[in-house]
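K.L.:
Dumping the structure here so I can ask a few things about it.
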Amino acid sequence: MTDSTLDKTFDPAAIEAKWYAHWEANGLFRPERPDAQPYTIVNPPPNVTGSLHIGHALDNTLQDVVIRYERLRGKDALWVVGTDHAGIATQMVVERQFEASQDKRTNYTREAFIDKVWEWKHESGGTITGQLRRLGCSMDWSREQFTMDPHFTKAVVKVFVDLFNQGLIYRDKRLVNWDPALKTAISDLEVENRDVAGHMWHFKYPLASGESYTYIERDADGAVVFEEVRDYISIATTRPETMLGDGAVAVHPDDPRYAPIVGKLCEIPVGPKAQRRLIPIITDLYPDPDFGSGAVKITGAHDANDYDVARRNGIPMYRLMDEAAQMRADGAPYAEVSARAQAIAASGAFDPAEIDALNLVPEAYRGLDRYAARKAVIADIDAEGLMIAVEDKMIVQPFGDRGGVVIEPMLTDQWYVNAAELAKAPLDAVRTGAVEIVPKSWEKTFFNWMENIQPWCVSRQLWWGHQIPAWYADDGEIFVAEDEAAAQALAGDLKITRDEDVLDTWFSSALWPFATLGWPDDAELAKRHYPNDLLISGFDILFFWDARMMMMGQAMTGQNPWPRLYLHGLVRAPDGQKMSKSKGNVVDPLGLIDQFGADALRFFMAAMESQGRDIKMDERRVEGYRNFATKLWNAARFCQSNGIGASASLAAPAATSAVNKWIIGEVVETLATLDQAMADLRFDAAANAVYHFVWDQFCDWYIELIKGNFDAETKAVAGWVLDQILVMLHPFMPFVTEELWSKLGDRADYPLITAKWPEPGVGVDAAAKAEVDWLIALVGNLRTAKNELGINPGAKLDAFLPEPSAVTRGNIERNPAVIERLARLNGIRFEPAPAGAAMQIGAGDANIIVPLAGVIDIAAEKARLTKALESSTKEAKSLEGRLSNPAFAEKAKPEAVEKARADHALHQAEATRLAAALARLG
RNA sequence: GGGCGUAUAGCUCAGUGGUAGAGCACUAUGUUGACAUCGUAGGGGUCGCAAGUUCAAUCCUUGCUACGCCCACCA
């Protein structure tokens with residue numbers, strides 16, 4: 001018994017590691033429950049390179065609350081956990097390590113490098129999983145997953161092959177977002193568009209062979225406002241270096257200014273004079289006549305808009321840069337290439353492969369970085385007097401979200417997923433409600449994106465990742481198969497070589513809800529736990545991950561991965577800013593755990609999570625929840641010291657006293673609130689329900705009410721209530737509750753983590769509730785009055801109530817101990833008070849007179865009563881006004897009228913009582 | 001350019017068609033069989049602005065203002 005006695009203060013650090021190890025070692029995160037209803041969630045796999053940040057803490061707390069709740073409710077609760085191989089991030093980490101030792105990736109073969117990455121993973125890849133344990137997350141570590149596990153790779157390959165065979169994955173040459181720092185293609189989602197201060201240059205593109213035309217600008221009425229004979233067309237660009245690859249100049253077909261020169265040729269004003277190319281002036285709907293000069297240069301290979309225009313109009317697209325976004329240095333001399341390009345363009349028919357081989361960068365610029373080339377081009381044009389103007393301008397520039405470098409649109413061969421096709425089923429699922437997005441406001445965003453989805457580029461020019469299961473014959477023919485032998489079988493006698501590229505990391509994580517469950521081999525497990533029951537994720541990965549899981553889930557299993565998707569917000573810095581390392585405002589969740597305990601941090605996360613809103617970090621609030629844990633701890637300590645311990649029954653014990661009946665009723669109500677909140681995924685409401693029950697009901701009143709009366713019934717009820725508290729609170733504060741659970745009884749075989757959810761088996765006793773509410777009102781009103789009159793709160797006073805109602809009399813007679821100890825009254829006598837100064841206390845229908853001869857300041861008591869009377873009168877008057885309005889009686893809902901009448905009567909009675917009390921004082 | 005969200009007590013946030021709540025902070029206080037990481041009592045809000053609907057609006061509608069986020073190809 002002594003060793004289960006609770007210490008005076010609660011020390012989270014002393015128990016957290018102990019309980020976590022105990023749960024994990026005993027398999028309590030996934031108890032054997034073959035006959036129970038399964039409940040499954042999957043953890044958004046953190047990057048294997050990651051460490052726990054505050055966002056993980058929120059995300060995983062919410063999931064742990066859910067899974068612990070469902071486990072306590074008896075479900076076969078499975079929380080799948082694992083890490084993501086995170087292609088780019090991990091390769092970057094290892095390459096950075098190489099740099100530190102003057103080494104580099106290209107010193108190794110692909111195989112040797114991948115071995116190095118695995119080595120790194122085994123040594124350093126477990127940081128975050130250890131940190132999730134510190135947070136108390138009850139994941140099924142026995143089945144920990146990694147997206148590069150052999151069975152996962154098998155699933156990835158199968159999906160790729162199947163989708164390829166269905167025509168949903170294909171190889172295509174398109175303009176991709178090329179990251180010159182990482183030297184790989186990335187998807188649209190991985191591009192971050194930022195506003196940057198830039199320039200727009202206006203250049204003259206001279207018309208061929210000295211032609212000229214009259215350039216006329218008119219106002220809205222058609223009056224000429226400007227007229228000039230020109231031998232050039234004015235072109236604006238933010239990227240002069242791309243001029244070298246121009247294939248045409250486009251104007252709007254209805255733009256009268258350029259009508260005279262449509263179809264003519266103009267010269268790109270850069271490069272050796274004799275070898276400058278001539279390009280046609282064409283019409284296309286893309287140029288906006290009101291923007292810039294209304295004429296746009298078309299560089300199909302380095303601009304997404306131009307690419308479309310070039311494709312529509314059969315304009316050649318000349319690639320100018322290499323994989324590092326430096327101006328090409330390969331190929332034949334410029335003079336030769338330029339002439340060839342001119343000839344091809346004139347012929348109107350061209351072979352894209354030949355076009356791609358043409359390096360149209362003049363020797364002077366070859367090998368230059370794109371920005372150096374820009375400078376040089378500008379200087380050269382300016383020197384020739386062909387620059388019209390430079391304006392400063394904010395421009396939108398695409399940055400790679402990993403490499404941090406400006407993305408270069410590049411024309412390359414990549415693998416694509418037909419996302420538009422795969423998006424159909426998920427769109428339908430959300431529209432019909434088969435998948436519910438919580439909060440619902442995200443649906444519109446989801447639709448918006450899914451309805452306009454572009455082909456998903458899934459190939460990456462990296463080494464670390466799932467290598468694409470495609471093989472090529474020398475002539476370029478493609479064979480996609482599960483392995484080399486199968487590919488060779490398809491290829492017959494042809495010699496084949498495997499695609500060097502790997503798949504986008506999100507391609508594999510999109511399979512997470514079923515590939516982690518053994519799909520496609522382990523049909524049983526997958527069948528039992530797929531579809532999952534819920535997905536919780538931050539809204540920031542709605543497109544990256546959630547939507548793609550829906551696409552892949554439907555495509556590969558014909559089912560939605562889960563019926564419900566809960567999206568939470570971001571955890572922001574205390575000042576409301578986004579946390580970022582560069583701003584230095586990152587709050588470390590592990591530091592908070594060290595300081596306040598995991599339970600406090602978890603409770604903070606849950607209590608602050610109202611649907612959809614971002615959470616501002618507030619350490620003081622975390623501290624407050626640490627205090628809450630201590631409060632509970634001390635309440636339990638008090639109970640323990642009075643012989644109150646573990647309850648033997650799941651159902652509420654039989655109770656006869658109003659106080660005991662009342663607290664049982666409060667448990668019933670709290671439980672209902674909590675269950676409803678959990679069903680609605682209102683984590684804040686759920687946490688607050690328990691918080692207020694524990695602090696306001698149990699600690700502030702129940703414990704105070706039962707002090708001095710620890711009879712068998714009270715002990716049984718108190719023990720039961722405390723147990724229910726521990727169970728209800730456990731999903732939020734697993735550590736302190738488990739510790740108290742074990743200390744309050746010998747329950748080594750019945751740990752809290754797998755205990756049973758409350759089933760009180762009784763309802764709320766209205767009479768008991770009314771009685772306790774009356775006692776609380778009496779005590780409260782006495783305290784307030786004493787305080788306002790400056791009477792020592794501990795003073796024990798006499799009290800008189802000459803004509804009690806039957807109910808009040810019962811309340812008083814049944815609770816002598818409470819009236820004496822909490823109300824600090826020497827009982828309440830049912831007889832007239834002696835004459836003299838007294839304060840008067842209302843409670844329900846009673847006006848209790850408390851003589852204070854010699855002590856009381858009559859004026860102060862009068863002031864107090866007058867203030868209260870004014871307030872009652874004001875309320876009553878306001879209600880009276882409402883009731884006397886005929887329109888109210890006619891049109892308002894009957895309940896509202898009834899309520900107003902009742903409230904009015906109540907305030908009226910209170911006013912009458914107070915008026916009488918005042919009169920008594922003379 | 002489109003979409004979304006937020007504006008409620010000093011701060012951080014809940015909330016409801018019938019004139020508002022919590023935590024922290026603040027003020028006073030420390031007596032009662034756990035807890036000062038605490039107890040008791042108290043002060044504090046024309047619920048962003050304007051109009052409309054309604055018997056009644058902080059809550060519904062519209063407009064405005066401010067802030068935030070996401071998406072988007074104006075060279």
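Chains: A, B, ... in order of the structure tokens. Residues: from 1 per chain. Ligands: from 1, in order shown.
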Up to 7 Å from chain B, what residues of chain A turn up? Count only C-alpha atoms (C1' of nucleotides) and give them as a tab-separated table (two decimals) with all heavy atoms, in the first residue's frame.
P.N.:
```tsv
chain	number	residue	atom	x	y	z
A	236	ALA	N	7.77	43.11	-75.20
A	236	ALA	CA	8.13	43.21	-73.78
A	236	ALA	C	8.42	41.82	-73.24
A	236	ALA	O	7.76	40.85	-73.60
A	236	ALA	CB	6.99	43.83	-72.99
A	237	THR	N	9.43	41.74	-72.38
A	237	THR	CA	9.74	40.44	-71.78
A	237	THR	C	10.36	40.63	-70.41
A	237	THR	O	11.02	41.63	-70.15
A	237	THR	CB	10.70	39.61	-72.67
A	237	THR	OG1	10.96	38.37	-72.00
A	237	THR	CG2	12.01	40.34	-72.90
A	296	VAL	N	3.59	39.53	-78.20
A	296	VAL	CA	4.30	38.62	-77.31
A	296	VAL	C	5.27	37.76	-78.10
A	296	VAL	O	4.91	37.22	-79.13
A	296	VAL	CB	3.29	37.69	-76.59
A	296	VAL	CG1	4.01	36.82	-75.58
A	296	VAL	CG2	2.18	38.47	-75.95
A	304	ALA	N	5.36	28.42	-70.07
A	304	ALA	CA	4.17	27.57	-70.15
A	304	ALA	C	3.14	28.13	-71.12
A	304	ALA	O	2.52	27.39	-71.87
A	304	ALA	CB	3.57	27.38	-68.77
A	305	ASN	N	2.93	29.44	-71.09
A	305	ASN	CA	1.95	30.03	-72.01
A	305	ASN	C	2.42	29.91	-73.44
A	305	ASN	O	1.65	29.55	-74.33
A	305	ASN	CB	1.76	31.51	-71.69
A	305	ASN	CG	1.15	31.68	-70.34
A	305	ASN	OD1	0.16	31.04	-70.03
A	305	ASN	ND2	1.76	32.51	-69.53
A	445	THR	N	-12.75	23.97	-52.06
A	445	THR	CA	-11.34	23.99	-52.46
A	445	THR	C	-10.97	22.68	-53.13
A	445	THR	O	-10.29	22.66	-54.15
A	445	THR	CB	-10.46	24.21	-51.22
A	445	THR	OG1	-10.92	25.36	-50.53
A	445	THR	CG2	-9.01	24.37	-51.60
A	620	ARG	N	1.44	29.59	-21.98
A	620	ARG	CA	0.78	29.74	-20.68
A	620	ARG	C	-0.42	28.81	-20.59
A	620	ARG	O	-0.80	28.37	-19.52
A	620	ARG	CB	0.34	31.18	-20.50
A	620	ARG	CG	1.49	32.12	-20.79
A	620	ARG	CD	1.33	33.41	-20.11
A	620	ARG	NE	1.35	33.23	-18.66
A	620	ARG	CZ	1.65	34.21	-17.82
A	620	ARG	NH1	1.95	35.39	-18.31
A	620	ARG	NH2	1.64	34.00	-16.53
A	621	ARG	N	-0.98	28.58	-21.74
A	621	ARG	CA	-2.13	27.69	-21.75
A	621	ARG	C	-1.67	26.24	-21.52
A	621	ARG	O	-2.33	25.47	-20.85
A	621	ARG	CB	-2.86	27.82	-23.07
A	621	ARG	CG	-4.21	27.24	-23.04
A	621	ARG	CD	-5.19	28.17	-23.71
A	621	ARG	NE	-6.52	27.59	-23.61
A	621	ARG	CZ	-7.62	28.27	-23.78
A	621	ARG	NH1	-7.58	29.55	-24.04
A	621	ARG	NH2	-8.79	27.69	-23.70
A	627	ASN	N	-1.22	22.41	-14.89
A	627	ASN	CA	-1.86	22.64	-13.61
A	627	ASN	C	-3.11	21.78	-13.44
A	627	ASN	O	-3.42	21.30	-12.35
A	627	ASN	CB	-2.24	24.11	-13.45
A	627	ASN	CG	-1.01	25.00	-13.45
A	627	ASN	OD1	0.11	24.51	-13.41
A	627	ASN	ND2	-1.23	26.30	-13.50
A	630	THR	N	-2.13	18.44	-12.40
A	630	THR	CA	-1.78	18.45	-10.97
A	630	THR	C	-3.03	18.49	-10.10
A	630	THR	O	-3.10	17.83	-9.05
A	630	THR	CB	-0.90	19.68	-10.66
A	630	THR	OG1	0.23	19.65	-11.52
A	630	THR	CG2	-0.45	19.67	-9.21
A	631	LYS	N	-4.00	19.24	-10.55
A	631	LYS	CA	-5.26	19.35	-9.81
A	631	LYS	C	-5.90	17.96	-9.68
A	631	LYS	O	-6.32	17.54	-8.60
A	631	LYS	CB	-6.19	20.30	-10.56
A	631	LYS	CG	-7.52	20.54	-9.88
A	631	LYS	CD	-7.37	21.55	-8.77
A	631	LYS	CE	-8.71	21.74	-8.05
A	631	LYS	NZ	-8.56	22.60	-6.87
A	634	ASN	N	-4.01	15.77	-7.29
A	634	ASN	CA	-4.27	16.04	-5.89
A	634	ASN	C	-5.66	15.60	-5.45
A	634	ASN	O	-5.85	15.19	-4.30
A	634	ASN	CB	-4.05	17.52	-5.60
A	634	ASN	CG	-2.58	17.81	-5.41
A	634	ASN	OD1	-1.96	17.29	-4.50
A	634	ASN	ND2	-2.02	18.62	-6.29
A	635	ALA	N	-6.61	15.70	-6.34
A	635	ALA	CA	-7.95	15.21	-6.02
A	635	ALA	C	-7.88	13.71	-5.78
A	635	ALA	O	-8.47	13.18	-4.82
A	635	ALA	CB	-8.91	15.53	-7.16
A	637	ARG	N	-5.28	12.06	-4.88
A	637	ARG	CA	-4.52	11.85	-3.65
A	637	ARG	C	-5.43	12.01	-2.44
A	637	ARG	O	-5.37	11.24	-1.48
A	637	ARG	CB	-3.39	12.89	-3.60
A	637	ARG	CG	-2.29	12.58	-2.62
A	637	ARG	CD	-1.06	13.38	-2.99
A	637	ARG	NE	-1.25	14.80	-2.80
A	637	ARG	CZ	-0.99	15.44	-1.66
A	637	ARG	NH1	-0.53	14.79	-0.62
A	637	ARG	NH2	-1.19	16.73	-1.56
A	638	PHE	N	-6.26	13.00	-2.49
A	638	PHE	CA	-7.21	13.21	-1.40
A	638	PHE	C	-8.16	12.02	-1.26
A	638	PHE	O	-8.41	11.52	-0.16
A	638	PHE	CB	-8.01	14.50	-1.65
A	638	PHE	CG	-9.09	14.71	-0.64
A	638	PHE	CD1	-8.78	15.14	0.64
A	638	PHE	CD2	-10.42	14.48	-0.96
A	638	PHE	CE1	-9.78	15.35	1.58
A	638	PHE	CE2	-11.41	14.67	-0.02
A	638	PHE	CZ	-11.10	15.10	1.26
A	784	THR	N	-20.47	35.34	-1.42
A	784	THR	CA	-20.47	36.65	-2.07
A	784	THR	C	-20.84	37.74	-1.07
A	784	THR	O	-20.18	38.78	-0.99
A	784	THR	CB	-21.47	36.65	-3.24
A	784	THR	OG1	-21.13	35.59	-4.11
A	784	THR	CG2	-21.45	37.97	-3.99
A	787	ASN	N	-18.16	38.41	1.47
A	787	ASN	CA	-17.06	39.11	0.84
A	787	ASN	C	-17.39	40.59	0.66
A	787	ASN	O	-16.57	41.45	0.97
A	787	ASN	CB	-16.76	38.45	-0.51
A	787	ASN	CG	-15.46	38.93	-1.09
A	787	ASN	OD1	-15.37	40.06	-1.56
A	787	ASN	ND2	-14.44	38.08	-1.03
A	793	PRO	N	-14.56	35.28	5.96
A	793	PRO	CA	-15.23	34.14	5.32
A	793	PRO	C	-15.33	32.93	6.25
A	793	PRO	O	-16.22	32.10	6.08
A	793	PRO	CB	-14.35	33.86	4.11
A	793	PRO	CG	-13.12	34.67	4.26
A	793	PRO	CD	-13.39	35.76	5.24
A	794	GLY	N	-14.46	32.83	7.20
A	794	GLY	CA	-14.49	31.67	8.09
A	794	GLY	C	-15.50	31.82	9.22
A	794	GLY	O	-15.81	30.84	9.90
A	821	ARG	N	-20.59	23.11	7.33
A	821	ARG	CA	-19.20	23.21	6.94
A	821	ARG	C	-18.94	24.13	5.76
A	821	ARG	O	-18.02	24.92	5.75
A	821	ARG	CB	-18.65	21.81	6.66
A	821	ARG	CG	-17.31	21.57	7.35
A	821	ARG	CD	-16.56	20.40	6.79
A	821	ARG	NE	-16.66	20.34	5.34
A	821	ARG	CZ	-17.54	19.61	4.68
A	821	ARG	NH1	-18.37	18.83	5.33
A	821	ARG	NH2	-17.58	19.64	3.37
A	887	ALA	N	-47.01	41.45	-30.51
A	887	ALA	CA	-46.40	40.74	-31.63
A	887	ALA	C	-45.55	39.58	-31.11
A	887	ALA	O	-45.46	38.52	-31.75
A	887	ALA	CB	-45.53	41.69	-32.45
A	888	PHE	N	-44.95	39.76	-29.94
A	888	PHE	CA	-44.11	38.70	-29.39
A	888	PHE	C	-44.95	37.48	-29.04
A	888	PHE	O	-44.64	36.37	-29.45
A	888	PHE	CB	-43.37	39.21	-28.15
A	888	PHE	CG	-42.53	38.17	-27.46
A	888	PHE	CD1	-41.42	37.63	-28.09
A	888	PHE	CD2	-42.87	37.71	-26.19
A	888	PHE	CE1	-40.65	36.67	-27.47
A	888	PHE	CE2	-42.11	36.75	-25.56
A	888	PHE	CZ	-41.00	36.22	-26.21
A	891	LYS	N	-46.19	35.91	-32.44
A	891	LYS	CA	-45.29	35.35	-33.46
A	891	LYS	C	-44.14	34.54	-32.92
A	891	LYS	O	-43.56	33.74	-33.65
A	891	LYS	CB	-44.75	36.50	-34.32
A	891	LYS	CG	-45.85	37.24	-35.05
A	891	LYS	CD	-45.27	38.21	-36.05
A	891	LYS	CE	-46.40	38.97	-36.76
A	891	LYS	NZ	-45.89	40.02	-37.65
A	892	ALA	N	-43.77	34.78	-31.68
A	892	ALA	CA	-42.62	34.04	-31.18
A	892	ALA	C	-42.99	32.58	-30.95
A	892	ALA	O	-44.16	32.24	-30.78
A	892	ALA	CB	-42.11	34.66	-29.90
```
K.L.:
Identify, on the basis of only C-alpha atoms (C1' of nucleotides), every residue whose closest approach to U65 (chain B) does not exceed 12 Å; exclude the query and any residue fewer than 2 positions from it along the same chain; express the result as a PyMOL selection string.
P.N.:
chain B and resi 7+48-50+63+67
K.L.:
Between CA of Val191 (chain A) and CA of Ile536 (chain A), what distance in Å does the model show, to one decimal?
P.N.:
24.4 Å
K.L.:
Among region 12-225 of chain A, which ones does DSSP place in alpha helix (DSSP H), written as a ChimeraX atom specification?
P.N.:
/A:12-25,54-72,87-100,110-124,127-135,150-165
K.L.:
Fewer than 6 positions away in the same chain doesn't count, so skip those; otherwise give me all residues within 7 Å of region 870-874 of chain A, counting only C-alpha atoms (C1' of nucleotides), as a ChimeraX atom specification.
P.N.:
/A:907,910-911
K.L.:
Separation of CA of Arg319 (chain A) and CA of Ala301 (chain A), in Å?
P.N.:
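These two atoms are separated by 5.3 Å.
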K.L.:
Near region 682-689 of chain A, within 7 Å and counting only C-alpha atoms (C1' of nucleotides), which residues show up once chain neighbours fewer than 2 positions away are dropped, as a VMD selection string?
P.N.:
chain A and resid 606 to 611 670 673 to 674 677 to 678 680 691 to 693
K.L.:
Generate a file of the selected residues that holds N, CA, C and O atoms, formatted as a short mmCIF file (atom, residue, chain, number, x, y, z; two decimals), in the first residue's frame.
P.N.:
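Okay, this is what ended up in again_12.cif:
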```
data_model
loop_
_atom_site.label_atom_id
_atom_site.label_comp_id
_atom_site.auth_asym_id
_atom_site.auth_seq_id
_atom_site.Cartn_x
_atom_site.Cartn_y
_atom_site.Cartn_z
N ALA A 606 -5.60 19.43 -28.15
CA ALA A 606 -6.99 19.00 -28.32
C ALA A 606 -7.94 20.14 -27.97
O ALA A 606 -8.90 20.41 -28.69
N ALA A 607 -7.67 20.83 -26.88
CA ALA A 607 -8.58 21.86 -26.41
C ALA A 607 -8.61 23.06 -27.34
O ALA A 607 -9.59 23.78 -27.42
N MET A 608 -7.53 23.28 -28.07
CA MET A 608 -7.47 24.42 -28.98
C MET A 608 -7.98 24.07 -30.38
O MET A 608 -8.11 24.93 -31.23
N GLU A 609 -8.20 22.80 -30.61
CA GLU A 609 -8.57 22.38 -31.96
C GLU A 609 -10.07 22.54 -32.19
O GLU A 609 -10.85 21.63 -31.96
N SER A 610 -10.45 23.73 -32.60
CA SER A 610 -11.83 23.88 -33.05
C SER A 610 -11.73 23.78 -34.56
O SER A 610 -10.76 24.19 -35.15
N GLN A 611 -12.72 23.22 -35.14
CA GLN A 611 -12.60 22.80 -36.53
C GLN A 611 -12.09 23.86 -37.49
O GLN A 611 -12.68 24.92 -37.62
N THR A 670 -21.75 14.53 -18.69
CA THR A 670 -20.42 14.78 -19.27
C THR A 670 -20.10 13.74 -20.34
O THR A 670 -19.60 14.07 -21.41
N THR A 673 -21.96 14.52 -23.48
CA THR A 673 -21.34 15.65 -24.18
C THR A 673 -20.06 15.20 -24.88
O THR A 673 -19.80 15.55 -26.03
N LEU A 674 -19.28 14.43 -24.15
CA LEU A 674 -18.02 13.96 -24.68
C LEU A 674 -18.22 13.05 -25.90
O LEU A 674 -17.57 13.21 -26.93
N ALA A 677 -19.31 15.08 -28.83
CA ALA A 677 -18.21 15.88 -29.36
C ALA A 677 -17.26 15.01 -30.19
O ALA A 677 -16.79 15.41 -31.26
N MET A 678 -16.99 13.81 -29.70
CA MET A 678 -16.10 12.92 -30.45
C MET A 678 -16.75 12.49 -31.76
O MET A 678 -16.09 12.40 -32.79
N ASP A 680 -18.71 14.21 -33.47
CA ASP A 680 -18.65 15.37 -34.36
C ASP A 680 -17.22 15.81 -34.66
O ASP A 680 -17.02 16.81 -35.34
N TYR A 691 -12.62 18.59 -18.82
CA TYR A 691 -11.93 19.58 -18.00
C TYR A 691 -12.88 20.19 -16.97
O TYR A 691 -12.59 20.25 -15.78
N HIS A 692 -14.01 20.64 -17.44
CA HIS A 692 -14.94 21.32 -16.54
C HIS A 692 -15.59 20.35 -15.56
O HIS A 692 -15.87 20.73 -14.42
N PHE A 693 -15.80 19.17 -16.01
CA PHE A 693 -16.35 18.21 -15.05
C PHE A 693 -15.35 17.97 -13.91
O PHE A 693 -15.71 17.99 -12.75
#
```
K.L.:
Give me the residues within 10 Å of Glu500 (chain A) as a PyMOL selection string, counting only C-alpha atoms (C1' of nucleotides) and dropping any in the same chain fewer than 4 places off.
P.N.:
chain A and resi 110+459-463+467-471
K.L.:
Could you name the residues that touch region 331-333 of chain A at 10 Å or less, counting only C-alpha atoms (C1' of nucleotides), but leaving out those on the same chain fewer than 6 positions away, as a PyMOL selection string?
P.N.:
chain A and resi 357-363
K.L.:
Would you save the residues from that selection as a compact mmCIF listing (two decimals), in the first residue's frame, using N, CA, C and O atoms?
P.N.:
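Ended up saving to selection30.txt:
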```txt
# COMPACT_ATOMS: atom_id res chain seq x y z
N ALA A 357 17.79 18.94 -80.65
CA ALA A 357 19.25 18.83 -80.74
C ALA A 357 19.90 20.16 -81.13
O ALA A 357 21.09 20.36 -80.94
N LEU A 358 19.11 21.05 -81.65
CA LEU A 358 19.68 22.33 -82.10
C LEU A 358 19.96 23.26 -80.93
O LEU A 358 19.05 23.61 -80.17
N ASN A 359 21.19 23.66 -80.79
CA ASN A 359 21.54 24.59 -79.73
C ASN A 359 21.62 25.99 -80.31
O ASN A 359 22.61 26.38 -80.92
N LEU A 360 20.56 26.76 -80.09
CA LEU A 360 20.48 28.09 -80.69
C LEU A 360 21.13 29.19 -79.85
O LEU A 360 20.84 30.36 -80.03
N VAL A 361 21.98 28.76 -78.94
CA VAL A 361 22.68 29.76 -78.13
C VAL A 361 23.96 30.16 -78.86
O VAL A 361 24.80 29.32 -79.15
N PRO A 362 24.08 31.45 -79.16
CA PRO A 362 25.31 31.89 -79.83
C PRO A 362 26.53 31.63 -78.93
O PRO A 362 26.40 31.62 -77.71
N GLU A 363 27.66 31.47 -79.53
CA GLU A 363 28.88 31.13 -78.81
C GLU A 363 29.14 32.06 -77.62
O GLU A 363 29.58 31.63 -76.56
```
K.L.:
For Met556 (chain A), which residue out of A:Phe160, A:Tyr625, A:Phe98, A:Phe603 is the nearest one, using only C-alpha atoms?
P.N.:
A:Phe160
K.L.:
So, with only C-alpha atoms as the atoms that count, which of A:Leu883, A:Cys699, A:Ala295, A:Leu918 lies closest to Ala859 (chain A)?
P.N.:
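Among A:Leu883, A:Cys699, A:Ala295, A:Leu918, it is A:Leu918 that comes nearest to Ala859 (chain A).
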K.L.:
Which residues are near region 665-667 of chain A? Cut-off 9 Å, only C-alpha atoms (C1' of nucleotides), ignore same chain within fewer than 5 positions. Put them as an NGL selection string.
P.N.:
:A and (660 or 672 or 693 or 697-698 or 721 or 724-725 or 760 or 762-766 or 768-769)
K.L.:
Would you save the residues from that selection as an mmCIF file, in the first residue's frame, using N, CA and C atoms?
P.N.:
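Result file is out35.cif:
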```cif
data_model
loop_
_atom_site.group_PDB
_atom_site.id
_atom_site.type_symbol
_atom_site.label_atom_id
_atom_site.label_comp_id
_atom_site.auth_asym_id
_atom_site.auth_seq_id
_atom_site.Cartn_x
_atom_site.Cartn_y
_atom_site.Cartn_z
ATOM 1 N N ASN A 660 -24.524 12.249 -3.985
ATOM 2 C CA ASN A 660 -24.028 11.126 -4.772
ATOM 3 C C ASN A 660 -24.827 10.916 -6.053
ATOM 4 N N ALA A 672 -22.192 12.089 -22.134
ATOM 5 C CA ALA A 672 -22.992 12.338 -23.339
ATOM 6 C C ALA A 672 -22.382 13.468 -24.162
ATOM 7 N N PHE A 693 -15.797 19.165 -16.009
ATOM 8 C CA PHE A 693 -16.347 18.206 -15.053
ATOM 9 C C PHE A 693 -15.350 17.965 -13.913
ATOM 10 N N GLN A 697 -16.962 20.508 -11.297
ATOM 11 C CA GLN A 697 -17.948 19.662 -10.648
ATOM 12 C C GLN A 697 -17.312 18.785 -9.569
ATOM 13 N N PHE A 698 -16.341 18.035 -9.998
ATOM 14 C CA PHE A 698 -15.779 17.043 -9.078
ATOM 15 C C PHE A 698 -14.926 17.692 -7.990
ATOM 16 N N VAL A 721 -16.710 7.485 -9.652
ATOM 17 C CA VAL A 721 -16.609 8.720 -10.434
ATOM 18 C C VAL A 721 -15.156 8.969 -10.829
ATOM 19 N N GLN A 724 -14.268 6.878 -13.688
ATOM 20 C CA GLN A 724 -14.848 7.336 -14.961
ATOM 21 C C GLN A 724 -14.076 8.545 -15.488
ATOM 22 N N ILE A 725 -13.639 9.372 -14.550
ATOM 23 C CA ILE A 725 -12.822 10.530 -14.955
ATOM 24 C C ILE A 725 -11.550 10.050 -15.650
ATOM 25 N N PRO A 760 -22.666 4.102 -17.304
ATOM 26 C CA PRO A 760 -23.267 4.330 -15.983
ATOM 27 C C PRO A 760 -24.547 3.537 -15.749
ATOM 28 N N VAL A 762 -27.453 4.505 -15.597
ATOM 29 C CA VAL A 762 -28.519 5.269 -14.959
ATOM 30 C C VAL A 762 -28.652 6.609 -15.668
ATOM 31 N N GLY A 763 -29.689 7.336 -15.304
ATOM 32 C CA GLY A 763 -29.883 8.646 -15.909
ATOM 33 C C GLY A 763 -29.602 9.747 -14.903
ATOM 34 N N VAL A 764 -30.046 10.938 -15.250
ATOM 35 C CA VAL A 764 -29.859 12.080 -14.363
ATOM 36 C C VAL A 764 -31.046 12.159 -13.411
ATOM 37 N N ASP A 765 -30.766 12.317 -12.106
ATOM 38 C CA ASP A 765 -31.826 12.447 -11.111
ATOM 39 C C ASP A 765 -32.130 13.935 -10.924
ATOM 40 N N ALA A 766 -33.281 14.350 -11.446
ATOM 41 C CA ALA A 766 -33.593 15.781 -11.465
ATOM 42 C C ALA A 766 -33.736 16.360 -10.062
ATOM 43 N N ALA A 768 -32.339 15.328 -7.277
ATOM 44 C CA ALA A 768 -31.021 15.431 -6.651
ATOM 45 C C ALA A 768 -30.265 16.623 -7.222
ATOM 46 N N LYS A 769 -30.376 16.801 -8.528
ATOM 47 C CA LYS A 769 -29.699 17.929 -9.175
ATOM 48 C C LYS A 769 -30.227 19.248 -8.611
#
```
